[in-house]
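Enquirer: Here you go, this is target.tsv (TSV, C-alpha atoms).
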chain	number	residue	atom	x	y	z
D	1	MET	CA	-18.62	18.62	6.54
D	2	PRO	CA	-18.15	16.57	3.38
D	3	THR	CA	-14.58	16.47	2.11
D	4	THR	CA	-13.43	15.68	-1.35
D	5	THR	CA	-9.80	15.53	-2.40
D	6	THR	CA	-8.34	16.04	-5.83
D	7	ARG	CA	-4.99	14.90	-7.11
D	8	TYR	CA	-3.43	14.91	-10.55
D	9	GLU	CA	-1.39	12.36	-12.43
D	10	LEU	CA	0.58	12.69	-15.62
D	11	ARG	CA	-0.14	9.59	-17.67
D	12	ALA	CA	0.27	8.07	-21.07
D	13	LYS	CA	-3.06	7.67	-22.88
D	14	ASP	CA	-3.17	4.00	-21.82
D	15	GLY	CA	-3.00	5.06	-18.15
D	16	THR	CA	0.70	4.32	-17.56
D	17	PRO	CA	2.22	6.84	-15.10
D	18	VAL	CA	4.96	8.99	-16.62
D	19	ALA	CA	8.19	8.99	-14.61
D	20	ALA	CA	10.66	11.34	-16.26
D	21	GLN	CA	11.44	13.76	-19.03
D	22	TRP	CA	14.51	13.16	-21.18
D	23	ASP	CA	17.00	15.99	-21.31
D	24	LEU	CA	20.19	16.36	-23.31
D	25	ILE	CA	23.16	17.69	-21.36
D	26	PRO	CA	26.29	18.98	-23.12
D	27	GLY	CA	29.63	18.14	-21.58
D	28	LYS	CA	33.26	19.07	-22.21
D	29	ALA	CA	35.61	16.08	-22.27
D	30	TYR	CA	39.02	17.56	-21.46
D	31	LEU	CA	42.23	16.75	-23.30
D	32	ASN	CA	45.62	16.62	-21.59
D	33	GLU	CA	46.85	20.17	-21.19
D	34	GLU	CA	50.53	19.44	-21.95
D	35	GLN	CA	50.10	16.90	-24.73
D	36	ASN	CA	46.67	16.74	-26.33
D	37	LEU	CA	47.63	13.93	-28.73
D	38	THR	CA	49.08	10.46	-28.12
D	39	PRO	CA	52.81	10.18	-29.00
D	40	ASP	CA	52.00	8.63	-32.39
D	41	GLY	CA	49.61	11.49	-33.13
D	42	LYS	CA	46.77	9.15	-33.98
D	43	ASP	CA	44.51	9.61	-30.98
D	44	LEU	CA	43.49	12.27	-28.54
D	45	GLU	CA	45.14	12.19	-25.11
D	46	TRP	CA	42.29	12.62	-22.65
D	47	GLU	CA	42.67	14.29	-19.27
D	48	GLY	CA	40.04	11.93	-17.84
D	49	GLY	CA	37.45	14.43	-16.66
D	50	THR	CA	34.25	15.68	-18.21
D	51	LYS	CA	32.56	18.90	-17.15
D	52	MET	CA	28.79	18.76	-17.55
D	53	TYR	CA	26.95	21.97	-18.36
D	54	TRP	CA	23.75	21.42	-16.43
D	55	ASP	CA	22.45	24.92	-17.17
D	56	ALA	CA	22.65	24.21	-20.90
D	57	GLN	CA	20.28	21.24	-20.73
D	58	VAL	CA	17.61	21.05	-23.38
D	59	PRO	CA	14.72	18.60	-23.61
D	60	GLU	CA	15.16	15.76	-26.08
D	61	VAL	CA	12.74	16.77	-28.83
D	62	ARG	CA	11.33	14.54	-31.56
D	63	TYR	CA	9.06	15.95	-34.27
D	64	GLY	CA	8.78	19.13	-32.19
D	65	GLU	CA	7.62	17.30	-29.05
D	66	ALA	CA	9.52	16.68	-25.80
D	67	VAL	CA	10.16	13.02	-24.97
D	68	TYR	CA	9.11	11.40	-21.68
D	69	CYS	CA	9.40	7.89	-20.28
D	70	ASP	CA	7.61	5.63	-17.81
D	71	HIS	CA	9.23	3.57	-15.05
D	72	ALA	CA	9.99	0.79	-17.54
D	73	GLY	CA	11.83	3.20	-19.84
D	74	ASN	CA	9.15	3.23	-22.57
D	75	GLU	CA	9.13	6.49	-24.52
D	76	TYR	CA	6.20	8.86	-25.01
D	77	LEU	CA	5.92	12.09	-26.96
D	78	ALA	CA	4.44	15.12	-25.16
D	79	GLY	CA	1.36	14.99	-27.37
D	80	ASP	CA	0.64	11.44	-26.18
D	81	LEU	CA	0.32	12.44	-22.52
D	82	VAL	CA	-2.78	13.33	-20.52
D	83	VAL	CA	-3.35	14.99	-17.16
D	84	ALA	CA	-5.67	12.80	-15.08
D	85	GLU	CA	-7.72	14.67	-12.48
D	86	ILE	CA	-8.68	12.18	-9.78
D	87	THR	CA	-11.38	13.31	-7.34
D	88	ARG	CA	-12.15	11.18	-4.29
D	89	ASP	CA	-15.39	11.89	-2.41
D	90	GLU	CA	-16.08	11.39	1.29
D	91	GLU	CA	-17.16	7.82	0.65
D	92	GLY	CA	-13.91	6.95	-1.03
D	93	GLU	CA	-15.31	6.85	-4.55
D	94	GLU	CA	-12.87	8.09	-7.19
D	95	LYS	CA	-13.80	9.90	-10.36
D	96	VAL	CA	-11.16	10.29	-13.05
D	97	THR	CA	-11.32	12.83	-15.84
D	98	THR	CA	-8.51	13.31	-18.33
D	99	ARG	CA	-7.48	16.08	-20.67
D	100	PRO	CA	-4.56	16.35	-23.08
D	101	TYR	CA	-1.32	17.58	-21.59
D	102	SER	CA	-0.63	20.87	-23.31
D	103	GLN	CA	3.06	21.47	-22.57
D	104	GLY	CA	6.23	20.17	-24.15
D	105	ILE	CA	5.27	21.06	-27.73
D	106	GLN	CA	7.46	23.43	-29.72
D	107	TYR	CA	5.74	26.54	-31.04
D	108	SER	CA	6.01	27.52	-34.67
D	109	PHE	CA	8.86	29.85	-35.59
D	110	ALA	CA	8.66	33.32	-37.07
D	111	PRO	CA	8.90	33.03	-40.88
D	112	GLN	CA	12.51	32.81	-42.03
D	113	ARG	CA	13.61	35.76	-44.13
D	114	THR	CA	16.28	34.22	-46.34
D	115	PRO	CA	15.85	31.55	-49.03
D	116	GLY	CA	18.41	29.40	-47.20
D	117	GLY	CA	16.56	29.75	-43.90
D	118	LYS	CA	13.27	28.83	-45.56
D	119	SER	CA	14.83	25.77	-47.22
D	120	ILE	CA	16.36	24.55	-43.95
D	121	ARG	CA	13.05	24.83	-42.13
D	122	ALA	CA	11.18	23.14	-44.98
D	123	LEU	CA	13.64	20.22	-44.86
D	124	ASP	CA	13.06	19.97	-41.12
D	125	LEU	CA	9.27	19.84	-41.44
D	126	ALA	CA	9.47	17.35	-44.31
D	127	GLN	CA	11.60	15.18	-42.00
D	128	TRP	CA	8.80	15.27	-39.39
D	129	ILE	CA	6.38	13.90	-41.97
D	130	ILE	CA	8.59	11.20	-43.49
D	131	GLY	CA	10.19	10.21	-40.18
D	132	SER	CA	6.86	9.78	-38.39
D	133	ASP	CA	5.55	7.70	-41.33
D	134	GLN	CA	8.59	5.47	-40.99
D	135	ASP	CA	8.09	5.17	-37.20
D	136	VAL	CA	4.51	3.99	-37.74
D	137	ASN	CA	5.68	1.38	-40.25
D	138	GLN	CA	8.25	0.15	-37.73
D	139	GLY	CA	5.67	0.04	-34.91
D	140	ALA	CA	7.45	2.78	-32.95
D	141	LEU	CA	4.61	5.31	-33.21
D	142	ALA	CA	0.81	5.08	-33.15
D	143	PRO	CA	-1.03	6.21	-36.30
D	144	GLU	CA	-2.91	8.88	-34.33
D	145	SER	CA	0.43	10.32	-33.14
D	146	ARG	CA	1.64	10.33	-36.74
D	147	ASP	CA	-1.50	12.18	-37.82
D	148	ARG	CA	-1.00	14.79	-35.10
D	149	ILE	CA	2.64	15.30	-36.16
D	150	HIS	CA	1.62	15.61	-39.83
D	151	SER	CA	-1.08	18.15	-38.96
D	152	ARG	CA	1.30	20.25	-36.93
D	153	ALA	CA	4.03	20.06	-39.58
D	154	ARG	CA	1.59	21.35	-42.18
D	155	ALA	CA	0.18	24.03	-39.87
D	156	TYR	CA	3.66	25.28	-39.02
D	157	ALA	CA	4.68	25.18	-42.68
D	158	GLN	CA	1.68	27.38	-43.46
D	159	ALA	CA	2.38	29.79	-40.60
D	160	GLU	CA	6.07	29.98	-41.48
D	161	GLU	CA	5.37	30.50	-45.20
D	162	VAL	CA	7.18	27.36	-46.36
D	163	ALA	CA	4.14	25.19	-47.18
D	164	ASP	CA	4.91	25.25	-50.90
D	165	LEU	CA	8.50	24.18	-50.27
D	166	VAL	CA	7.46	21.31	-47.98
D	167	ASP	CA	4.92	20.11	-50.55
D	168	ALA	CA	7.54	20.37	-53.30
D	169	ILE	CA	10.09	18.34	-51.32
D	170	LEU	CA	7.56	15.62	-50.49
D	171	GLY	CA	6.32	15.54	-54.09
D	172	THR	CA	9.86	15.25	-55.44
D	173	LEU	CA	10.74	12.40	-53.10
D	174	LYS	CA	7.53	10.56	-53.83
D	175	ALA	CA	7.94	10.92	-57.60
D	176	ALA	CA	11.59	9.84	-57.47
D	177	CYS	CA	10.81	6.74	-55.43
D	178	ALA	CA	7.82	5.86	-57.64
D	179	SER	CA	10.03	5.90	-60.71
Y	1	MET	CA	53.03	17.63	-31.15
Y	2	ARG	CA	49.84	19.65	-30.57
Y	3	LEU	CA	46.33	19.50	-31.91
Y	4	VAL	CA	45.31	22.97	-33.06
Y	5	SER	CA	42.65	24.72	-35.12
Y	6	ARG	CA	43.79	25.12	-38.72
Y	7	THR	CA	42.09	28.50	-39.00
Y	8	THR	CA	43.07	30.20	-35.72
Y	9	ARG	CA	46.14	28.11	-34.70
Y	10	THR	CA	44.80	27.95	-31.13
Y	11	GLY	CA	45.29	24.74	-29.10
Y	12	ILE	CA	42.38	22.32	-28.72
Y	13	VAL	CA	41.51	21.59	-25.08
Y	14	ALA	CA	38.27	19.57	-25.18
Y	15	SER	CA	35.66	17.86	-27.28
Y	16	ILE	CA	31.93	18.39	-26.75
Y	17	ASP	CA	29.84	15.36	-25.92
Y	18	GLN	CA	26.19	15.07	-25.06
Y	19	VAL	CA	24.52	12.70	-22.68
Y	20	MET	CA	20.89	11.88	-21.94
Y	21	ARG	CA	19.44	12.17	-18.45
Y	22	ASP	CA	16.08	11.43	-16.89
Y	23	ALA	CA	14.62	14.44	-15.06
Y	24	LEU	CA	12.40	12.63	-12.55
Y	25	ILE	CA	8.80	13.76	-12.23
Y	26	HIS	CA	7.19	14.06	-8.80
Y	27	THR	CA	5.06	10.97	-8.25
Y	28	GLU	CA	2.68	12.54	-5.66
Y	29	HIS	CA	2.26	15.92	-7.36
Y	30	PRO	CA	3.29	15.49	-11.01
Y	31	VAL	CA	1.66	18.76	-12.12
Y	32	ASP	CA	1.29	22.12	-10.37
Y	33	ASP	CA	-2.50	22.52	-10.13
Y	34	ARG	CA	-2.13	26.05	-8.74
Y	35	GLN	CA	-1.21	27.26	-12.21
Y	36	HIS	CA	-3.55	27.40	-15.14
Y	37	ASP	CA	-1.35	25.47	-17.57
Y	38	GLN	CA	-0.35	22.92	-14.90
Y	39	PRO	CA	3.37	22.62	-15.61
Y	40	ILE	CA	5.15	19.40	-14.65
Y	41	GLN	CA	6.74	19.35	-11.19
Y	42	TYR	CA	10.12	17.67	-11.07
Y	43	THR	CA	11.67	16.12	-7.99
Y	44	GLY	CA	14.99	17.80	-8.73
Y	45	HIS	CA	16.68	14.42	-8.94
Y	46	THR	CA	18.16	13.22	-12.19
Y	47	LEU	CA	19.57	9.98	-13.54
Y	48	VAL	CA	22.36	10.43	-16.05
Y	49	GLN	CA	22.40	7.64	-18.64
Y	50	HIS	CA	26.15	7.42	-19.15
Y	51	ASP	CA	25.83	4.79	-21.88
Y	52	THR	CA	24.10	7.39	-24.08
Y	53	THR	CA	27.20	9.61	-24.20
Y	54	GLU	CA	28.07	10.51	-27.76
Y	55	PRO	CA	29.94	13.29	-29.56
Y	56	LEU	CA	27.94	16.37	-30.42
Y	57	THR	CA	28.05	16.62	-34.21
Y	58	VAL	CA	27.32	19.41	-36.67
Y	59	TYR	CA	27.21	18.49	-40.38
Y	60	GLY	CA	28.35	15.04	-39.25
Y	61	GLU	CA	31.54	16.40	-37.66
Y	62	GLY	CA	32.51	16.39	-33.98
Y	63	VAL	CA	32.83	19.75	-32.25
Y	64	TYR	CA	35.95	20.82	-30.31
Y	65	ILE	CA	36.86	23.75	-28.08
Y	66	ASP	CA	40.09	25.74	-28.14
Y	67	THR	CA	41.93	27.55	-25.35
Y	68	GLU	CA	39.84	30.67	-25.94
Y	69	GLY	CA	36.50	28.85	-25.76
Y	70	HIS	CA	35.79	28.99	-29.51
Y	71	THR	CA	34.34	25.92	-31.22
Y	72	HIS	CA	35.86	24.13	-34.21
Y	73	LEU	CA	34.65	21.30	-36.41
Y	74	ALA	CA	36.61	18.04	-36.54
Y	75	GLY	CA	37.66	18.69	-40.13
Y	76	ASP	CA	39.22	22.03	-39.16
Y	77	LEU	CA	41.86	20.51	-36.88
Y	78	GLU	CA	45.48	19.78	-37.66
Y	79	ILE	CA	48.60	18.52	-35.90
Y	80	HIS	CA	51.50	20.88	-35.29
Y	81	HIS	CA	54.90	19.27	-34.75
Y	82	GLU	CA	57.54	21.16	-32.80
Y	83	GLY	CA	59.73	21.54	-35.87
Y	84	GLY	CA	56.91	23.40	-37.60
Y	85	LEU	CA	55.60	20.55	-39.72
Y	86	GLU	CA	51.83	20.59	-40.11
Y	87	GLU	CA	49.77	17.48	-40.68
Y	88	GLU	CA	46.11	16.79	-41.37
Y	89	TYR	CA	44.14	15.45	-38.45
Y	90	GLU	CA	40.54	14.38	-38.65
Y	91	GLY	CA	38.65	14.19	-35.39
Y	92	TYR	CA	35.30	12.47	-35.00
Y	93	ILE	CA	33.42	12.24	-38.31
Y	94	GLU	CA	30.07	10.49	-38.64
Y	95	PRO	CA	30.71	7.10	-40.31
Y	96	ARG	CA	29.94	6.63	-43.99
Y	97	PRO	CA	26.45	5.13	-44.39
Y	98	PRO	CA	25.77	1.73	-45.94
Y	99	LEU	CA	23.69	1.36	-49.11
Y	100	LEU	CA	20.14	2.14	-47.99
Y	101	VAL	CA	17.22	0.07	-49.18
Y	102	SER	CA	14.00	1.14	-47.52
Y	103	GLU	CA	12.19	4.03	-49.17
Y	104	ALA	CA	11.71	6.12	-46.02
Y	105	THR	CA	15.32	5.67	-44.90
Y	106	ARG	CA	16.54	6.76	-48.33
Y	107	GLN	CA	14.31	9.82	-48.28
Y	108	LEU	CA	15.45	10.79	-44.77
Y	109	ALA	CA	19.10	10.43	-45.80
Y	110	ALA	CA	18.53	12.68	-48.83
Y	111	LEU	CA	16.91	15.31	-46.57
Y	112	LYS	CA	19.83	15.11	-44.14
Y	113	TYR	CA	22.51	15.60	-46.79
Y	114	ALA	CA	20.50	18.39	-48.42
Y	115	ASP	CA	20.41	20.06	-45.00
Y	116	TRP	CA	24.22	19.75	-44.66
Y	117	ILE	CA	24.68	21.44	-48.04
Y	118	ILE	CA	22.16	24.25	-47.63
Y	119	HIS	CA	22.88	24.81	-43.94
Y	120	SER	CA	26.63	25.10	-44.53
Y	121	ASP	CA	26.03	27.66	-47.30
Y	122	HIS	CA	23.84	29.57	-44.85
Y	123	ALA	CA	26.55	29.37	-42.17
Y	124	LEU	CA	29.14	30.66	-44.65
Y	125	ASP	CA	26.91	33.65	-45.39
Y	126	ASN	CA	26.75	34.30	-41.64
Y	127	THR	CA	30.57	33.95	-41.37
Y	128	GLU	CA	30.16	30.96	-39.06
Y	129	LEU	CA	32.11	28.72	-41.46
Y	130	THR	CA	35.07	29.18	-43.78
Y	131	GLU	CA	34.79	28.43	-47.48
Y	132	ALA	CA	37.14	25.48	-47.04
Y	133	ALA	CA	34.90	24.00	-44.35
Y	134	ARG	CA	31.79	24.56	-46.46
Y	135	ASP	CA	33.42	22.86	-49.46
Y	136	ARG	CA	34.51	19.92	-47.30
Y	137	ILE	CA	30.96	19.51	-45.93
Y	138	HIS	CA	29.50	19.62	-49.44
Y	139	ARG	CA	31.98	16.99	-50.62
Y	140	ARG	CA	31.16	14.67	-47.74
Y	141	ALA	CA	27.41	15.16	-48.19
Y	142	ARG	CA	27.76	14.03	-51.81
Y	143	GLU	CA	30.13	11.15	-50.98
Y	144	TYR	CA	27.77	9.89	-48.29
Y	145	ALA	CA	24.75	10.30	-50.55
Y	146	HIS	CA	26.58	8.21	-53.16
Y	147	ALA	CA	27.44	5.53	-50.58
Y	148	ALA	CA	23.82	5.45	-49.43
Y	149	GLY	CA	22.58	5.25	-53.03
Y	150	VAL	CA	20.56	8.47	-52.77
Y	151	THR	CA	22.50	10.81	-55.07
Y	152	ASP	CA	19.53	11.27	-57.41
Y	153	LEU	CA	17.18	11.94	-54.50
Y	154	LEU	CA	19.60	14.49	-53.05
Y	155	GLU	CA	20.00	16.33	-56.34
Y	156	ASN	CA	16.22	16.34	-56.87
Y	157	VAL	CA	15.64	17.85	-53.43
Y	158	LEU	CA	18.32	20.51	-53.98
Y	159	GLN	CA	16.85	21.36	-57.37
Y	160	THR	CA	13.36	21.58	-55.87
Y	161	LEU	CA	14.62	24.06	-53.30
Y	162	GLY	CA	16.25	26.16	-56.04
Y	163	TRP	CA	19.74	25.46	-54.72
Y	164	SER	CA	22.64	25.74	-57.13
Y	165	PRO	CA	26.41	25.63	-56.62
Y	166	ARG	CA	27.89	29.03	-55.92
Y	167	GLU	CA	30.87	30.68	-57.48
Y	168	ASP	CA	32.38	32.33	-54.41
If you convert what's in this file into structure tokens, what do you get?
Expert:
Amino acid sequence: MPTTTTRYELRAKDGTPVAAQWDLIPGKAYLNEEQNLTPDGKDLEWEGGTKMYWDAQVPEVRYGEAVYCDHAGNEYLAGDLVVAEITRDEEGEEKVTTRPYSQGIQYSFAPQRTPGGKSIRALDLAQWIIGSDQDVNQGALAPESRDRIHSRARAYAQAEEVADLVDAILGTLKAACAS
Amino acid sequence: MRLVSRTTRTGIVASIDQVMRDALIHTEHPVDDRQHDQPIQYTGHTLVQHDTTEPLTVYGEGVYIDTEGHTHLAGDLEIHHEGGLEEEYEGYIEPRPPLLVSEATRQLAALKYADWIIHSDHALDNTELTEAARDRIHRRAREYAHAAGVTDLLENVLQTLGWSPRED
């Protein structure tokens, strides 16, 4: 009976295996219970222990995408990963098909109801656009990743009813820098 | 001498830090192919990167916890001496930025300080901040924008968003 086996690998688009996801863990660094300041009052007097809150971990997120790394510590955004399906037939031949990895991307939010809430979200999405442009200029991000981030920023801005604010912020910054 | 919250007079017992860790992905079975969306399978082992430890900041200020578990910003702390004398104490505050040159860095700084200003107004509306804390955050946002050379950019962004100073 012919046997084929299938296994999966999580890879960067260049084929590099992905080793870990980056999480942020909050911790409480305790101060001395009796005297929480040094005698001169200039510094904190530490107890020496830190309690980590493992249950409060959150993925490190950049431009709305979780951050992963390979064994060498190189960083990858969730949108830059693929799932490789590797099928080996009975003769040992391997066939590899890949598809984009679909997890690790933040969903859009419900539209904010207050002017302040809308402004805060518009500033956030404008930061995605300008920050990813800067990362491309510094060689830290591929242009296709930048384009994906821009597209999602604009799609979320539309869905969250802040597209006009994002455009206005970007237009203002561009005009100010041009002058 | 005790470090306390200026607003509640409760003693400060800890600061909040954050640290990065690697959640290791299973090398043999990195995704769960039994499920449609194939979530990542982790080994359960983690590597904490202790050299990434840094204070958690909100509006550029460190965050501290009092004896009752409530959080306080660095600028809301003060020293109480036994004789009753009170003294200003500033905990961790994000350092003042240098003069920024590159266009993108200047734009990002303007967005950040605009966020401090608008977010702190929002937090005041939600009674998460006092007026004094909001005013302090606004002052620092403007001081830092000046130091970074992005005052005009900041004001333009605030104007674009329809923000104006309040008379509380």
Enquirer: Find the nearest atom pair between each residue of chain Y and chain D for residues within 6 Å, count all atoms listed in the file, give distances in Å to one decimal, sort rows by chain and ascending number, and present the table as a tab-separated table.
Expert:
residue	atom	partner	partner_atom	distance
Y:Val13	CA	D:Leu31	CA	5.2
Y:Ala14	CA	D:Tyr30	CA	4.3
Y:Ser15	CA	D:Ala29	CA	5.3
Y:Ile16	CA	D:Lys28	CA	4.8
Y:Asp17	CA	D:Gly27	CA	5.2
Y:Gln18	CA	D:Pro26	CA	4.4
Y:Val19	CA	D:Ile25	CA	5.3
Y:Met20	CA	D:Leu24	CA	4.7
Y:Arg21	CA	D:Asp23	CA	5.4
Y:Asp22	CA	D:Trp22	CA	4.9
Y:Ala23	CA	D:Gln21	CA	5.1
Y:Leu24	CA	D:Ala20	CA	4.3
Y:Ile25	CA	D:Ala20	CA	5.1
Y:Pro30	CA	D:Glu9	CA	5.8
Y:Ala104	CA	D:Gln134	CA	6.0
Y:His122	CA	D:Gly116	CA	5.9
Y:Val157	CA	D:Ile169	CA	6.0
Enquirer: Compare Y:Arg136, Y:His146, Y:Arg6, Y:His81 by their minimum atom-to-atom distance to Y:Pro97, counting all atoms listed in the file, and give me the closest one.
Expert: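 Between Y:Arg136, Y:His146, Y:Arg6, Y:His81, the residue approaching Y:Pro97 most closely is Y:His146.
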Enquirer: Using Å and a single decimal, report how far atom CA of D:Thr5 sits from atom CA of D:Lys95.
Expert: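 We find that atom CA of D:Lys95 and atom CA of D:Thr5 lie 10.5 Å from each other.
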Enquirer: Can you find the residues with an atom no farther than 12 Å from (24.4, 27.4, -43.7), counting only C-alpha atoms, and report them as a JSON list (two decimals) with C-alpha atoms, keeping the file's coordinate frame?
Expert:
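Generated file (part-v6.json):
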[["chain", "number", "residue", "atom", "x", "y", "z"],
["D", 114, "THR", "CA", 16.28, 34.22, -46.34],
["D", 115, "PRO", "CA", 15.85, 31.55, -49.03],
["D", 116, "GLY", "CA", 18.41, 29.40, -47.20],
["D", 117, "GLY", "CA", 16.56, 29.75, -43.90],
["D", 118, "LYS", "CA", 13.27, 28.83, -45.56],
["D", 119, "SER", "CA", 14.83, 25.77, -47.22],
["D", 120, "ILE", "CA", 16.36, 24.55, -43.95],
["D", 121, "ARG", "CA", 13.05, 24.83, -42.13],
["Y", 58, "VAL", "CA", 27.32, 19.41, -36.67],
["Y", 59, "TYR", "CA", 27.21, 18.49, -40.38],
["Y", 114, "ALA", "CA", 20.50, 18.39, -48.42],
["Y", 115, "ASP", "CA", 20.41, 20.06, -45.00],
["Y", 116, "TRP", "CA", 24.22, 19.75, -44.66],
["Y", 117, "ILE", "CA", 24.68, 21.44, -48.04],
["Y", 118, "ILE", "CA", 22.16, 24.25, -47.63],
["Y", 119, "HIS", "CA", 22.88, 24.81, -43.94],
["Y", 120, "SER", "CA", 26.63, 25.10, -44.53],
["Y", 121, "ASP", "CA", 26.03, 27.66, -47.30],
["Y", 122, "HIS", "CA", 23.84, 29.57, -44.85],
["Y", 123, "ALA", "CA", 26.55, 29.37, -42.17],
["Y", 124, "LEU", "CA", 29.14, 30.66, -44.65],
["Y", 125, "ASP", "CA", 26.91, 33.65, -45.39],
["Y", 126, "ASN", "CA", 26.75, 34.30, -41.64],
["Y", 127, "THR", "CA", 30.57, 33.95, -41.37],
["Y", 128, "GLU", "CA", 30.16, 30.96, -39.06],
["Y", 129, "LEU", "CA", 32.11, 28.72, -41.46],
["Y", 130, "THR", "CA", 35.07, 29.18, -43.78],
["Y", 131, "GLU", "CA", 34.79, 28.43, -47.48],
["Y", 133, "ALA", "CA", 34.90, 24.00, -44.35],
["Y", 134, "ARG", "CA", 31.79, 24.56, -46.46],
["Y", 135, "ASP", "CA", 33.42, 22.86, -49.46],
["Y", 137, "ILE", "CA", 30.96, 19.51, -45.93],
["Y", 138, "HIS", "CA", 29.50, 19.62, -49.44]]
Enquirer: Would you list the contacts of Y:His72 as a ChimeraX atom specification, taking every protein, DNA or RNA residue within 7 Å and counting only C-alpha atoms, but skipping same-chain residues closer than 5 positions in sequence?
Expert: /Y:5,63-65
Enquirer: Give me, please, the distance in Å between atom CA of D:Arg99 and atom CA of D:Leu81, quoted to one decimal.
Expert: 8.8 Å
Enquirer: Just give me the gap between atom CA of Y:Ala148 and atom CA of Y:Leu108 in Å, one decimal is fine.
Expert: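 Calculated distance between atom CA of Y:Ala148 and atom CA of Y:Leu108 is 11.0 Å.
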Enquirer: Would you mind putting back N, CA and C atoms on stretch 107-119 of chain Y, then writing it out as a PDB file, in the coordinates of the input?
Expert:
ATOM      1  N   GLN Y 107      14.815   8.450 -48.227  1.00  0.00           N
ATOM      2  CA  GLN Y 107      14.310   9.820 -48.280  1.00  0.00           C
ATOM      3  C   GLN Y 107      14.878  10.658 -47.129  1.00  0.00           C
ATOM      4  N   LEU Y 108      14.924  10.054 -45.933  1.00  0.00           N
ATOM      5  CA  LEU Y 108      15.450  10.790 -44.770  1.00  0.00           C
ATOM      6  C   LEU Y 108      16.935  11.109 -44.957  1.00  0.00           C
ATOM      7  N   ALA Y 109      17.674  10.172 -45.550  1.00  0.00           N
ATOM      8  CA  ALA Y 109      19.100  10.430 -45.800  1.00  0.00           C
ATOM      9  C   ALA Y 109      19.260  11.587 -46.788  1.00  0.00           C
ATOM     10  N   ALA Y 110      18.446  11.600 -47.840  1.00  0.00           N
ATOM     11  CA  ALA Y 110      18.530  12.680 -48.830  1.00  0.00           C
ATOM     12  C   ALA Y 110      18.231  14.030 -48.164  1.00  0.00           C
ATOM     13  N   LEU Y 111      17.241  14.058 -47.269  1.00  0.00           N
ATOM     14  CA  LEU Y 111      16.910  15.310 -46.570  1.00  0.00           C
ATOM     15  C   LEU Y 111      18.084  15.758 -45.687  1.00  0.00           C
ATOM     16  N   LYS Y 112      18.715  14.780 -45.031  1.00  0.00           N
ATOM     17  CA  LYS Y 112      19.830  15.110 -44.140  1.00  0.00           C
ATOM     18  C   LYS Y 112      21.000  15.716 -44.912  1.00  0.00           C
ATOM     19  N   TYR Y 113      21.359  15.095 -46.038  1.00  0.00           N
ATOM     20  CA  TYR Y 113      22.510  15.600 -46.790  1.00  0.00           C
ATOM     21  C   TYR Y 113      22.167  16.931 -47.487  1.00  0.00           C
ATOM     22  N   ALA Y 114      20.919  17.091 -47.868  1.00  0.00           N
ATOM     23  CA  ALA Y 114      20.500  18.390 -48.420  1.00  0.00           C
ATOM     24  C   ALA Y 114      20.635  19.465 -47.336  1.00  0.00           C
ATOM     25  N   ASP Y 115      20.292  19.101 -46.111  1.00  0.00           N
ATOM     26  CA  ASP Y 115      20.410  20.060 -45.000  1.00  0.00           C
ATOM     27  C   ASP Y 115      21.876  20.424 -44.767  1.00  0.00           C
ATOM     28  N   TRP Y 116      22.780  19.443 -44.816  1.00  0.00           N
ATOM     29  CA  TRP Y 116      24.220  19.750 -44.660  1.00  0.00           C
ATOM     30  C   TRP Y 116      24.647  20.785 -45.704  1.00  0.00           C
ATOM     31  N   ILE Y 117      24.231  20.566 -46.945  1.00  0.00           N
ATOM     32  CA  ILE Y 117      24.680  21.440 -48.040  1.00  0.00           C
ATOM     33  C   ILE Y 117      24.102  22.842 -47.883  1.00  0.00           C
ATOM     34  N   ILE Y 118      22.794  22.924 -47.694  1.00  0.00           N
ATOM     35  CA  ILE Y 118      22.160  24.250 -47.630  1.00  0.00           C
ATOM     36  C   ILE Y 118      22.516  24.966 -46.330  1.00  0.00           C
ATOM     37  N   HIS Y 119      22.557  24.203 -45.237  1.00  0.00           N
ATOM     38  CA  HIS Y 119      22.880  24.810 -43.940  1.00  0.00           C
ATOM     39  C   HIS Y 119      24.315  25.363 -43.931  1.00  0.00           C
TER      40      HIS Y 119
END
